[in-house]
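Peer 1: Here it is, the structure, as structure tokens.
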Amino acid sequence: MTAHPRAVPALVAAAFVLLHVFGYPATRFSNDSYRYAREAYEFLGDSPHTATRKAVAAYCEDTAKLVHRNRMLDQLKFRGPGREAQYAAACEKKYAGGLAPTDPRYERIFHTRPAYPLIAAPFVALLGAKPGLTLVALAFTTLAGYLVYLLLRALRAPPPAAVLGQVLYYVTPLASWGGRPLTEGPALALMTALLLASVWLLQRRVLPGAALFTGAFALGLAVKYSSFLLVAPFLAAAACASLLFVRRTRHRGTHVLAGLSAGGTLAAPALGKALDLPGITDSLQDTFTLHWTRPEIADPWRALARLDHDYWWQWFQKEALAPMLLLLLAVGAWGVWRRSVPVALCVIAMGLTGVATTVAHPLAIELDRLYVPVWLIPVIGVPLALDRLWRPAPEGGSTASPGPAGSTSARRPPAAPPVAPSGGRSRGRPGGSGGR
């Protein structure tokens with residue numbers, strides 16, 4: 001990356017957007033998307049009845065296009081006349097009262113996520129339901145890739161490795177889910193922002209780190225309360241582990257990270273209780289009653305344990321046939337661990353929120369949507385692993401210096417010392433003052 005290196009991340013982001021514009025017809029306006037569209041129309045001032053009608057129309061129009069796409073690939077029907085208009089009309093008539101399920105307990109789940117439809121409302125008014133919601137999700141996803149670039153540069157990864165992290169974000173399920181008209185795009189971007197804030201705090205950049213952490217977490221609760229309810233305790237555990245086991249991180253920044261995470265751990269459930277938001281029991285009943293279309297079960301926790309046993313046993317069997325994700329997770333965890341143990345703890349903790357979400361909702365039909373945050377581990381760690389493996393050794397062989405947490409770092413030739421990250425206080429030590 002020699003010519004105009006600062007322009008490369010922008011070019012990568014532009015290429016990503018163009019690919020998603022091309023692939024836009026293949027995205028699905030799902031049942032969840034319908035509910036976000038309905039809320040967006042209500043934020044624009046429409047009555048509930050009018051908002052429902054518009055959202056249903058958007059859903060039926062997109063479903064008719066999906067039927068058309070499927071017909072084009074049918075070896076018996078692709079030459080026949082299309083009936084998409086009739087399908088859309090029948091769909092709107094069928095769901096005139098709204099898409100099922102319509103149980104108020106299910107509707108409450110989406111009322112806990114007002115930020116996404118609120119942000120998207122102006123674009124929905126201008127472009128329509130699906131384009132408006134998709135534009136906002138895509139914008140957040142594009143931003144998230146750039147945040148990965150900034151995070152890797154803060155960890156002193158060279159520009160090519162940082163750009164690789166941005167590219168990896170754009171080519172993994174983080175982007176395929178993030179670019180759909182769902183909350184995944186904003187939620188994953190805010191999780192990435194929390195990781196960048198954590199890195200800044202570990203590098204003693206207290207004010208910008210604390211501001212970014214607070215803003216991202218507060219917005220995250222409004223985007224997807226259930227996900228960020230898990231994020232805070234996982235990051236708190238990572239910060240406390242750093243304070244206990246990594247001596248060099250016992251400074252103000254890490255204490256602020258631990259305090260903010262612990263505060264979020266206490267504030268999120270308190271907010272949920274004050275606003276009467278759905279809790280874990282409601283979530284379990286939603287799972288085992290098919291969104292309250294069937295009677296509630298007496299012991300959802302026992303049912304969850306049995307379903308988790310079946311789900312994860314089969315999941316590992318399928319992964320064993322093509323263990324690409326498991327390999328990338330191992331390489332990514334190793335790469336970020338060797339660069340900085342405290343940062344690795346935060347990144348792994350964030351990834352584990354996806355595993356915890358899947359444990360609470362072991363639904364095979366959701367595929368990788370629920371555990372998609374685990375991809376943050378390889379996206380951040382693989383470029384660091386490759387940088388470590390491919391870094392040229394000085395003449396006369398490579399040397400290694402022990403790190404604070406027992407790790408080692410290959411030394412660069414004295415003539416080409418690493419550049420300190422912006423805002424850091426470290427001088428020529430990989431990983432900055434965040435330690436390893």
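Chain labels follow the order of the structure tokens: the first chain is A, the next B, and so on; residue numbering restarts at 1 in every chain, and ligands are counted from 1 in their shown order.
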What parts of stretch 267-339 of chain A does DSSP call alpha helix (DSSP H)? I'd like the answer as a ChimeraX atom specification.
Peer 2: /A:267-274,280-288,300-321,324-339
Peer 1: Those same residues, written as an mmCIF file, in the first residue's frame with C-alpha atoms?
Peer 2:
```cif
data_model
loop_
_atom_site.group_PDB
_atom_site.id
_atom_site.type_symbol
_atom_site.label_atom_id
_atom_site.label_comp_id
_atom_site.auth_asym_id
_atom_site.auth_seq_id
_atom_site.Cartn_x
_atom_site.Cartn_y
_atom_site.Cartn_z
ATOM 1 C CA ALA A 267 -27.981 -0.669 34.271
ATOM 2 C CA ALA A 268 -29.308 -2.817 31.410
ATOM 3 C CA PRO A 269 -31.464 -5.190 33.494
ATOM 4 C CA ALA A 270 -32.532 -2.302 35.731
ATOM 5 C CA LEU A 271 -33.678 -0.429 32.633
ATOM 6 C CA GLY A 272 -35.489 -3.519 31.419
ATOM 7 C CA LYS A 273 -37.278 -3.888 34.713
ATOM 8 C CA ALA A 274 -38.213 -0.209 34.842
ATOM 9 C CA ILE A 280 -35.152 -14.360 29.444
ATOM 10 C CA THR A 281 -38.258 -16.324 30.464
ATOM 11 C CA ASP A 282 -40.314 -14.499 27.839
ATOM 12 C CA SER A 283 -37.606 -15.256 25.295
ATOM 13 C CA LEU A 284 -37.656 -18.953 26.115
ATOM 14 C CA GLN A 285 -41.432 -19.127 25.869
ATOM 15 C CA ASP A 286 -41.220 -17.329 22.530
ATOM 16 C CA THR A 287 -38.861 -20.064 21.326
ATOM 17 C CA PHE A 288 -40.820 -23.070 22.528
ATOM 18 C CA PRO A 300 -38.684 -24.007 29.445
ATOM 19 C CA TRP A 301 -35.250 -24.327 31.100
ATOM 20 C CA ARG A 302 -35.246 -28.117 30.925
ATOM 21 C CA ALA A 303 -36.442 -27.942 27.333
ATOM 22 C CA LEU A 304 -33.622 -25.501 26.566
ATOM 23 C CA ALA A 305 -31.001 -27.839 28.034
ATOM 24 C CA ARG A 306 -32.208 -30.754 25.946
ATOM 25 C CA LEU A 307 -32.458 -28.719 22.753
ATOM 26 C CA ASP A 308 -28.973 -27.266 23.327
ATOM 27 C CA HIS A 309 -27.559 -30.772 23.705
ATOM 28 C CA ASP A 310 -29.059 -31.847 20.396
ATOM 29 C CA TYR A 311 -28.237 -28.604 18.617
ATOM 30 C CA TRP A 312 -24.544 -28.329 19.512
ATOM 31 C CA TRP A 313 -23.823 -32.024 19.005
ATOM 32 C CA GLN A 314 -25.116 -31.787 15.434
ATOM 33 C CA TRP A 315 -23.508 -28.381 14.897
ATOM 34 C CA PHE A 316 -20.060 -29.742 15.712
ATOM 35 C CA GLN A 317 -20.699 -32.732 13.454
ATOM 36 C CA LYS A 318 -21.486 -30.426 10.527
ATOM 37 C CA GLU A 319 -18.528 -28.185 11.280
ATOM 38 C CA ALA A 320 -16.247 -31.220 11.382
ATOM 39 C CA LEU A 321 -17.045 -31.873 7.714
ATOM 40 C CA MET A 324 -13.344 -23.471 8.170
ATOM 41 C CA LEU A 325 -14.997 -21.408 10.909
ATOM 42 C CA LEU A 326 -13.309 -23.401 13.671
ATOM 43 C CA LEU A 327 -9.932 -23.007 11.960
ATOM 44 C CA LEU A 328 -10.382 -19.260 11.497
ATOM 45 C CA LEU A 329 -11.493 -18.898 15.114
ATOM 46 C CA ALA A 330 -8.365 -20.676 16.322
ATOM 47 C CA VAL A 331 -6.045 -18.637 14.084
ATOM 48 C CA GLY A 332 -7.825 -15.389 14.944
ATOM 49 C CA ALA A 333 -7.745 -16.014 18.683
ATOM 50 C CA TRP A 334 -4.034 -16.871 18.475
ATOM 51 C CA GLY A 335 -3.247 -13.807 16.393
ATOM 52 C CA VAL A 336 -4.920 -11.274 18.665
ATOM 53 C CA TRP A 337 -3.665 -13.069 21.807
ATOM 54 C CA ARG A 338 -0.068 -12.813 20.639
ATOM 55 C CA ARG A 339 -0.503 -9.119 19.913
#
```
Peer 1: Just want the 10 Å neighbourhood of stretch 100-109 of chain A, counted on only C-alpha atoms, with same-chain residues fewer than 2 positions away dropped. Output as a list of chain:residue names.
Peer 2: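 Once the nearby chain positions are removed, what remains is A:Asn31, A:Arg35, A:Tyr95, A:Gly97, A:Gly98, A:His111, A:Thr112, A:Arg113, A:Lys224, A:Tyr225, A:Ser226, A:Asp276, A:Leu277, A:Pro278, A:Gly279, A:Asp282, A:Ser283, A:Gln285, A:Asp286, A:Leu290, A:His291, A:Trp292, A:Thr293.
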Peer 1: Set out as JSON lines a contact list for stretch 163-229 of chain A and stretch 8-24 of chain A with a cut-off of 8 Å, giving each residue of stretch 163-229 of chain A that qualifies its closest atom pair and distance in Å to one decimal, counting only C-alpha atoms, ordered by chain and rising residue number.
Peer 2:
```
{"residue": "A:Val163", "atom": "CA", "partner": "A:Pro9", "partner_atom": "CA", "distance": 6.3}
{"residue": "A:Gln166", "atom": "CA", "partner": "A:Pro9", "partner_atom": "CA", "distance": 7.6}
{"residue": "A:Val167", "atom": "CA", "partner": "A:Val12", "partner_atom": "CA", "distance": 7.1}
{"residue": "A:Tyr170", "atom": "CA", "partner": "A:Phe16", "partner_atom": "CA", "distance": 6.6}
{"residue": "A:Gly179", "atom": "CA", "partner": "A:His20", "partner_atom": "CA", "distance": 7.4}
```
Peer 1: In Å, how far is it from atom CA of A:Phe123 to atom CA of A:Thr183?
Peer 2: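 If I compute the distance from atom CA of A:Phe123 to atom CA of A:Thr183, I get 15.4 Å.
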Peer 1: Please report the interatomic distance between atom CA of A:Trp375 and atom CA of A:Gly259 in Å with one decimal.
Peer 2: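 Taking atom CA of A:Trp375 as the start and atom CA of A:Gly259 as the end point, the length is 26.4 Å.
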